[in-house]
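Structure file input05.txt; described as compact mmCIF, C-alpha atoms (C1' of nucleotides).
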```
# COMPACT_ATOMS: atom_id res chain seq x y z
CA MET A 1 35.60 66.46 153.89
CA PRO A 2 37.81 64.87 156.42
CA GLU A 3 41.22 63.71 155.39
CA LEU A 4 43.93 62.94 157.89
CA PRO A 5 44.54 66.56 158.99
CA GLU A 6 40.86 67.12 159.71
CA VAL A 7 40.67 63.91 161.70
CA GLU A 8 43.84 64.78 163.61
CA VAL A 9 42.49 68.24 164.49
CA THR A 10 39.19 66.72 165.57
CA MET A 11 40.94 64.11 167.70
CA GLN A 12 43.09 66.74 169.41
CA GLU A 13 40.05 68.83 170.23
CA ILE A 14 37.77 66.14 171.57
CA SER A 15 40.55 64.54 173.56
CA PRO A 16 40.45 66.95 176.52
CA LEU A 17 36.68 66.57 176.75
CA LEU A 18 36.85 62.80 176.72
CA MET A 19 39.94 62.07 178.79
CA GLY A 20 38.99 60.81 182.21
CA ALA A 21 35.30 61.31 181.55
CA THR A 22 32.67 58.80 182.57
CA ILE A 23 30.24 57.81 179.84
CA GLU A 24 26.74 58.16 181.24
CA GLY A 25 24.75 57.39 178.16
CA VAL A 26 25.06 56.40 174.53
CA TRP A 27 22.57 57.47 171.90
CA SER A 28 22.26 56.66 168.23
CA SER A 29 19.77 57.81 165.62
CA GLY A 30 18.89 54.29 164.52
CA LYS A 31 19.98 55.06 160.98
CA ASP A 32 22.75 52.99 159.47
CA LEU A 33 26.04 54.65 158.75
CA ARG A 34 28.45 52.69 156.52
CA GLU A 35 27.17 49.83 158.65
CA PRO A 36 24.62 49.73 161.46
CA ILE A 37 25.80 51.07 164.82
CA GLY A 38 25.72 47.78 166.70
CA PRO A 39 24.16 47.30 170.14
CA GLY A 40 27.69 46.59 171.40
CA VAL A 41 28.23 50.32 171.98
CA MET A 42 25.87 50.11 174.95
CA ALA A 43 28.66 48.31 176.80
CA LEU A 44 30.31 51.75 177.09
CA VAL A 45 27.73 53.01 179.56
CA GLY A 46 29.51 53.52 182.87
CA ALA A 47 32.95 53.30 181.28
CA ARG A 48 35.78 55.72 181.95
CA VAL A 49 37.76 57.09 178.99
CA LEU A 50 41.44 56.20 179.27
CA ARG A 51 42.97 57.24 175.98
CA VAL A 52 42.05 59.00 172.72
CA SER A 53 44.15 58.56 169.60
CA ARG A 54 44.09 58.50 165.82
CA ARG A 55 45.11 55.77 163.39
CA ALA A 56 44.74 56.60 159.70
CA LYS A 57 41.36 58.41 159.54
CA PHE A 58 39.98 56.50 162.51
CA ILE A 59 39.50 58.01 165.96
CA VAL A 60 40.14 55.43 168.67
CA VAL A 61 38.61 55.91 172.13
CA GLU A 62 39.92 53.42 174.66
CA THR A 63 37.84 53.03 177.81
CA SER A 64 37.70 50.85 180.88
CA GLN A 65 34.95 48.81 179.18
CA GLY A 66 36.11 48.46 175.61
CA ILE A 67 37.10 50.50 172.61
CA LEU A 68 35.09 52.82 170.41
CA LEU A 69 36.26 53.23 166.82
CA MET A 70 34.89 56.15 164.83
CA HIS A 71 35.36 57.27 161.23
CA LEU A 72 34.05 60.53 159.79
CA GLY A 73 33.58 59.19 156.27
CA MET A 74 33.04 61.83 153.63
CA SER A 75 30.82 64.27 155.48
CA GLY A 76 31.18 63.60 159.20
CA HIS A 77 32.15 66.03 161.92
CA MET A 78 32.06 66.15 165.71
CA ARG A 79 30.47 68.69 168.00
CA MET A 80 30.52 69.10 171.75
CA PRO A 81 27.09 70.43 172.69
CA GLY A 82 26.22 71.43 176.23
CA ARG A 83 23.26 70.14 178.24
CA GLY A 84 19.94 70.69 176.60
CA GLU A 85 21.25 71.65 173.21
CA GLU A 86 18.92 70.09 170.70
CA ARG A 87 20.13 67.54 168.26
CA GLU A 88 20.53 68.66 164.69
CA ARG A 89 19.56 67.09 161.43
CA HIS A 90 22.01 64.27 160.60
CA ASP A 91 23.23 63.81 164.15
CA HIS A 92 23.65 60.04 164.36
CA PHE A 93 25.66 59.21 167.46
CA GLU A 94 26.25 60.73 170.86
CA LEU A 95 28.27 60.01 173.96
CA GLN A 96 26.77 61.62 177.06
CA LEU A 97 29.45 62.37 179.61
CA LYS A 98 29.03 62.80 183.34
CA ASP A 99 29.34 66.48 184.33
CA ARG A 100 30.58 67.44 180.88
CA HIS A 101 29.39 68.36 177.42
CA SER A 102 28.36 65.56 175.11
CA LEU A 103 30.16 64.40 172.02
CA ARG A 104 28.03 64.21 168.88
CA LEU A 105 28.77 62.81 165.46
CA ASN A 106 26.93 64.51 162.63
CA ASP A 107 27.22 62.84 159.24
CA THR A 108 25.05 63.96 156.34
CA ARG A 109 26.01 61.29 153.88
CA ARG A 110 26.34 58.51 156.46
CA PHE A 111 29.59 57.08 155.10
CA GLY A 112 31.03 57.26 158.60
CA LEU A 113 31.53 54.40 161.02
CA VAL A 114 30.94 53.74 164.69
CA ARG A 115 32.01 50.33 165.96
CA TYR A 116 32.65 48.79 169.36
CA PHE A 117 35.47 46.38 170.24
CA ARG A 118 35.95 44.57 173.51
CA ASP A 119 39.71 45.06 173.60
CA LEU A 120 42.78 46.00 171.58
CA GLY A 121 43.19 42.43 170.37
CA GLU A 122 39.75 42.46 168.80
CA LEU A 123 40.42 45.86 167.25
CA GLY A 124 43.71 44.64 165.83
CA ALA A 125 41.96 41.71 164.19
CA TYR A 126 39.44 43.99 162.46
CA PRO A 127 40.38 43.64 158.78
CA ALA A 128 39.93 47.30 157.86
CA PHE A 129 42.29 48.17 160.70
CA ALA A 130 44.78 45.35 160.36
CA ALA A 131 45.47 46.05 156.70
CA LEU A 132 46.40 49.69 157.21
CA GLY A 133 49.74 50.85 155.84
CA PRO A 134 52.17 53.25 157.52
CA GLU A 135 51.22 56.58 159.05
CA PRO A 136 52.47 59.34 156.73
CA LEU A 137 53.85 61.40 159.61
CA GLY A 138 55.47 58.44 161.32
CA GLU A 139 58.94 57.00 161.01
CA GLY A 140 57.53 53.94 159.25
CA PHE A 141 56.89 55.99 156.13
CA THR A 142 60.17 56.63 154.32
CA PRO A 143 61.39 57.00 150.73
CA ARG A 144 62.47 53.37 150.89
CA THR A 145 59.14 51.99 152.10
CA LEU A 146 57.31 54.16 149.58
CA HIS A 147 59.48 52.96 146.72
CA ALA A 148 59.00 49.35 147.79
CA ALA A 149 55.22 49.81 147.99
CA LEU A 150 55.03 51.36 144.52
CA ARG A 151 57.39 49.09 142.64
CA ARG A 152 54.75 46.68 141.39
CA ARG A 153 51.89 49.12 141.10
CA HIS A 154 51.11 50.27 137.60
CA LEU A 155 48.17 52.49 138.35
CA PRO A 156 48.58 56.29 138.32
CA ILE A 157 50.68 57.56 141.24
CA LYS A 158 47.77 59.73 142.41
CA GLN A 159 45.62 56.65 142.97
CA ALA A 160 48.50 54.74 144.51
CA ILE A 161 49.11 57.27 147.30
CA MET A 162 45.39 57.24 148.09
CA ASP A 163 45.59 53.49 148.68
CA SER A 164 45.71 52.95 152.44
CA LYS A 165 47.99 49.95 152.02
CA VAL A 166 50.67 52.27 150.55
CA VAL A 167 50.23 55.07 153.09
CA VAL A 168 47.19 56.02 155.15
CA GLY A 169 45.41 59.33 155.38
CA VAL A 170 46.12 60.83 151.96
CA GLY A 171 42.76 61.73 150.48
CA ASN A 172 41.75 63.37 147.26
CA ILE A 173 42.73 66.92 148.15
CA TYR A 174 46.12 66.25 149.67
CA ALA A 175 47.01 63.72 146.97
CA SER A 176 46.87 66.49 144.35
CA GLU A 177 48.63 68.95 146.66
CA SER A 178 51.42 66.53 147.55
CA LEU A 179 52.10 65.64 143.92
CA PHE A 180 52.29 69.32 143.03
CA ALA A 181 54.74 69.90 145.87
CA ALA A 182 56.81 66.94 144.66
CA ARG A 183 56.62 68.17 141.02
CA LEU A 184 55.27 64.81 139.84
CA ASP A 185 52.60 64.26 137.19
CA PRO A 186 49.66 62.51 138.90
CA ARG A 187 49.09 60.32 135.82
CA ARG A 188 52.51 58.68 135.93
CA PRO A 189 52.47 54.96 136.66
CA ALA A 190 53.42 54.48 140.30
CA SER A 191 56.07 51.96 139.30
CA SER A 192 57.84 54.55 137.15
CA LEU A 193 58.96 56.66 140.11
CA THR A 194 62.68 56.57 140.80
CA PRO A 195 64.01 56.34 144.37
CA ILE A 196 64.85 60.04 144.19
CA GLU A 197 61.31 60.89 143.15
CA CYS A 198 59.94 58.70 145.94
CA GLY A 199 62.08 60.74 148.30
CA ARG A 200 60.56 63.97 147.02
CA LEU A 201 57.05 62.55 147.25
CA CYS A 202 57.52 61.15 150.73
CA ALA A 203 58.84 64.50 151.98
CA ALA A 204 56.05 66.38 150.20
CA ILE A 205 53.30 64.26 151.76
CA LYS A 206 54.74 64.78 155.22
CA ARG A 207 55.13 68.52 154.72
CA ILE A 208 51.69 69.10 153.19
CA LEU A 209 49.86 67.11 155.86
CA ALA A 210 51.78 68.75 158.70
CA GLU A 211 51.05 72.18 157.22
CA ALA A 212 47.37 71.36 156.93
CA ILE A 213 47.21 70.23 160.56
CA ARG A 214 48.84 73.48 161.67
CA ASN A 215 46.17 75.35 159.70
CA ASN A 216 43.31 73.44 161.32
CA GLY A 217 42.54 71.47 158.18
CA THR A 218 40.76 72.50 155.04
CA THR A 219 37.38 74.14 154.91
CA PHE A 220 35.27 73.70 151.84
CA ASP A 221 31.54 73.90 152.22
CA SER A 222 31.35 73.14 155.84
CA PHE A 223 34.31 71.58 157.52
CA SER A 224 34.58 72.95 160.97
CA ASP A 225 36.41 71.24 163.74
CA ALA A 226 34.88 70.08 166.98
CA LEU A 227 35.14 73.58 168.46
CA GLY A 228 33.25 75.05 165.53
CA ASP A 229 36.33 76.78 164.14
CA ILE A 230 36.85 76.61 160.44
CA GLY A 231 40.02 75.25 158.89
CA HIS A 232 42.23 77.61 157.00
CA TYR A 233 44.25 75.33 154.79
CA VAL A 234 41.86 75.98 151.91
CA GLU A 235 43.65 79.30 151.54
CA GLN A 236 46.91 77.41 151.06
CA LEU A 237 45.69 75.01 148.38
CA ARG A 238 47.97 75.41 145.37
CA VAL A 239 46.16 73.29 142.77
CA TYR A 240 43.08 71.54 144.19
CA GLY A 241 39.88 73.05 142.84
CA ARG A 242 41.84 75.63 140.85
CA ARG A 243 41.39 74.50 137.27
CA GLY A 244 42.15 77.31 134.84
CA ARG A 245 43.79 79.48 137.50
CA ALA A 246 47.48 80.31 137.44
CA CYS A 247 50.02 77.87 138.81
CA PRO A 248 51.63 79.58 141.82
CA ASN A 249 55.05 78.55 140.48
CA CYS A 250 55.01 79.25 136.77
CA GLY A 251 51.72 80.98 136.03
CA ARG A 252 50.49 78.41 133.55
CA ALA A 253 46.84 77.34 133.84
CA ILE A 254 46.12 74.48 136.25
CA GLU A 255 44.53 71.52 134.52
CA SER A 256 42.25 68.78 135.80
CA VAL A 257 41.73 65.15 134.86
CA THR A 258 39.71 62.31 136.31
CA LEU A 259 41.72 59.46 137.83
CA GLY A 260 39.99 56.56 139.48
CA GLY A 261 36.77 58.51 139.23
CA ARG A 262 38.14 61.39 141.31
CA SER A 263 39.00 64.85 140.09
CA THR A 264 42.70 65.56 140.04
CA PHE A 265 44.44 68.89 139.64
CA PHE A 266 47.97 69.60 138.44
CA CYS A 267 50.25 72.01 136.64
CA PRO A 268 51.22 70.55 133.26
CA ALA A 269 54.46 72.52 133.23
CA CYS A 270 55.78 72.01 136.77
CA GLN A 271 54.76 68.39 137.21
CA ARG A 272 56.57 65.72 135.21
C1' DC B 1 47.85 40.08 143.84
C1' DT B 2 46.27 43.95 140.86
C1' DG B 3 43.08 47.20 139.07
C1' DA B 4 38.56 48.72 137.23
C1' DG B 5 34.00 49.65 138.27
C1' DC B 6 30.19 50.03 141.25
C1' DT B 7 28.02 51.02 145.68
C1' DC B 8 26.45 53.11 150.05
C1' DC B 9 23.93 58.39 151.08
C1' DT B 10 22.40 63.39 151.04
C1' DG B 11 22.67 67.93 149.31
C1' DG B 12 24.24 71.79 146.46
C1' DG B 13 24.78 73.87 142.12
C1' DA B 14 24.28 74.14 137.05
C1' DG B 15 21.39 74.02 133.22
C1' DC B 16 17.01 73.89 131.02
C1' DT C 1 9.86 77.62 140.51
C1' DG C 2 10.96 72.97 139.60
C1' DC C 3 12.92 69.32 137.40
C1' DT C 4 17.17 66.47 136.05
C1' DC C 5 21.84 65.65 136.07
C1' DC C 6 26.39 65.88 137.91
C1' DC C 7 29.50 66.30 141.56
C1' DA C 8 31.46 66.05 146.44
C1' DG C 9 36.59 65.34 151.54
C1' DG C 10 35.96 57.75 151.82
C1' DA C 11 36.38 53.15 151.29
C1' DG C 12 34.61 48.39 150.84
C1' DC C 13 32.96 44.97 147.59
C1' DT C 14 32.89 42.10 143.37
C1' DC C 15 34.74 40.57 139.24
C1' DA C 16 38.12 39.78 135.43
```
Starting from the file, give its structure as C-alpha cells.
Amino acid sequence: MPELPEVEVTMQEISPLLMGATIEGVWSSGKDLREPIGPGVMALVGARVLRVSRRAKFIVVETSQGILLMHLGMSGHMRMPGRGEERERHDHFELQLKDRHSLRLNDTRRFGLVRYFRDLGELGAYPAFAALGPEPLGEGFTPRTLHAALRRRHLPIKQAIMDSKVVVGVGNIYASESLFAARLDPRRPASSLTPIECGRLCAAIKRILAEAIRNNGTTFDSFSDALGDIGHYVEQLRVYGRRGRACPNCGRAIESVTLGGRSTFFCPACQR
DNA sequence: CTGAGCTCCTGGGAGC
DNA sequence: TGCTCCCAGGAGCTCA
C-alpha cells in the first residue's frame, strides 16, 4: 500500500502530533515485523520529540534520547487514537504521548519496520539507510543522474526505477504510472534509454509523485492516512490495475505483463 | 557488480 | 459453505 506519497502524507499528518511531545510509554505487540522490535525502543520513554521527517519510505523521528525509524512495509498505516481507544487487530507498535493522542502502527502483513538508533551517526551507518539513492523530488535526482544510474543496467526500466539505489520511493503503482506519463515501454532495457528519454522519465516521476501527494495518496483496499481520510489518487491512475480498459490517450486497451514478479500495466501504442 | 529467484506474513477474491 | 490457489502497495537475502 504505501509508496512514497502515502508515507509523505502520513509523515505530514503525524508530525504535528509528535512535535514537541513527550513520550510517556512505548508498547509493542511482541510479534516480529520484518525484524523483531528491539528492546532499544524503550530508551525513548521520557524523550521529547524534536523533529519528524521522511527519507525514502522511512519515517524518521528524532528525539532527545535517540532516533526512531519506522517503515510501513506493504500493509502498514498509522493511527492517532485518543485515550482509552482499544487496540485493533494487527496493531503492533504504539507511542504513548503525554497529554496527547497516541501514535499506533497497524500492519497486517508485518513487513514493516521499527528500529531504534542512538544518534544520527548510527542511523547513517545502517546499511539499508546508507545505500539509499536520491530522493525523487529532490535536486539530487536529475536527468543526468538518472542516465548515469541506468547506463549499465540491462534489466527492464520498470524494475530499474523501483531499485532504491537508482531512485527511492517509486513503488509498483507509480512505476507503471510514471512510465506511461513518460511514454516509455516498461520492458525496455534500462540501458537503452537515451538522455532525452531519461529527461522525460525523470520529469514524469517527479510530476506523478507530486500529484499523488497532493491527492493524499492512493487508496486501494484500505489505505487511509493517519487522520483516517482516504487517498484520492486512485481516481487519477491512468494504467495501473486497468488491464483491458481504454488508454486515456489513444483508447487502445491497456495491457499487463509481469516484470520481476510484479504486475505491470502499459499502453502498447503510447509507450515505446 | 548485476540480476534472478525466493522469502517474510495475512487476507481477500476467484474458482471448484 | 469450504477448500485451494493466486495475488497484493516492499525489500532483504542468497546464489550464479
Restrict the calculation to all atoms listed in the file, then for each residue of chain C with any atom at most 12 Å from an atom of chain A give the closest atom pair and their distance in Å to one decimal, rows by chain and rising residue number, as JSON lines.
```
{"residue": "C:DC7", "atom": "C1'", "partner": "A:Ser263", "partner_atom": "CA", "distance": 9.7}
{"residue": "C:DA8", "atom": "C1'", "partner": "A:Met74", "partner_atom": "CA", "distance": 8.5}
{"residue": "C:DG9", "atom": "C1'", "partner": "A:Met1", "partner_atom": "CA", "distance": 2.8}
{"residue": "C:DG10", "atom": "C1'", "partner": "A:Gly73", "partner_atom": "CA", "distance": 5.2}
{"residue": "C:DA11", "atom": "C1'", "partner": "A:Gly73", "partner_atom": "CA", "distance": 8.3}
{"residue": "C:DG12", "atom": "C1'", "partner": "A:Ala128", "partner_atom": "CA", "distance": 8.9}
```
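Atom CA of Lys98 of chain A to atom CA of Met42 of chain A spans 15.5 Å [interatomic distance, one decimal].
Closest approach to DG5 of chain B among A:Leu50, A:Arg151, A:Gly261, A:Asp119 is made by A:Gly261 (distances from only C-alpha atoms (C1' of nucleotides)).
Shortest separation to chain B among A:Val257, A:Leu33, A:Ile59, A:Ala130 occurs at residue A:Leu33, atoms counted being only C-alpha atoms (C1' of nucleotides).
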As a check of understanding: the span from atom CA of Pro81 of chain A to atom CA of Arg104 of chain A is 7.4 Å
Students should find that atom CA of Val26 of chain A and atom CA of Pro5 of chain A are spaced 26.9 Å
- [ ] Go ahead and find all residues with at least one atom no further than 12 Å from (47.9, 57.7, 144.5) in the file's coordinates, using all atoms listed in the file; report them as a VMD selection string.
- [x] chain A and resid 146 149 to 150 153 to 179 184 to 191 193 201 to 202 205 259 to 260 262 264
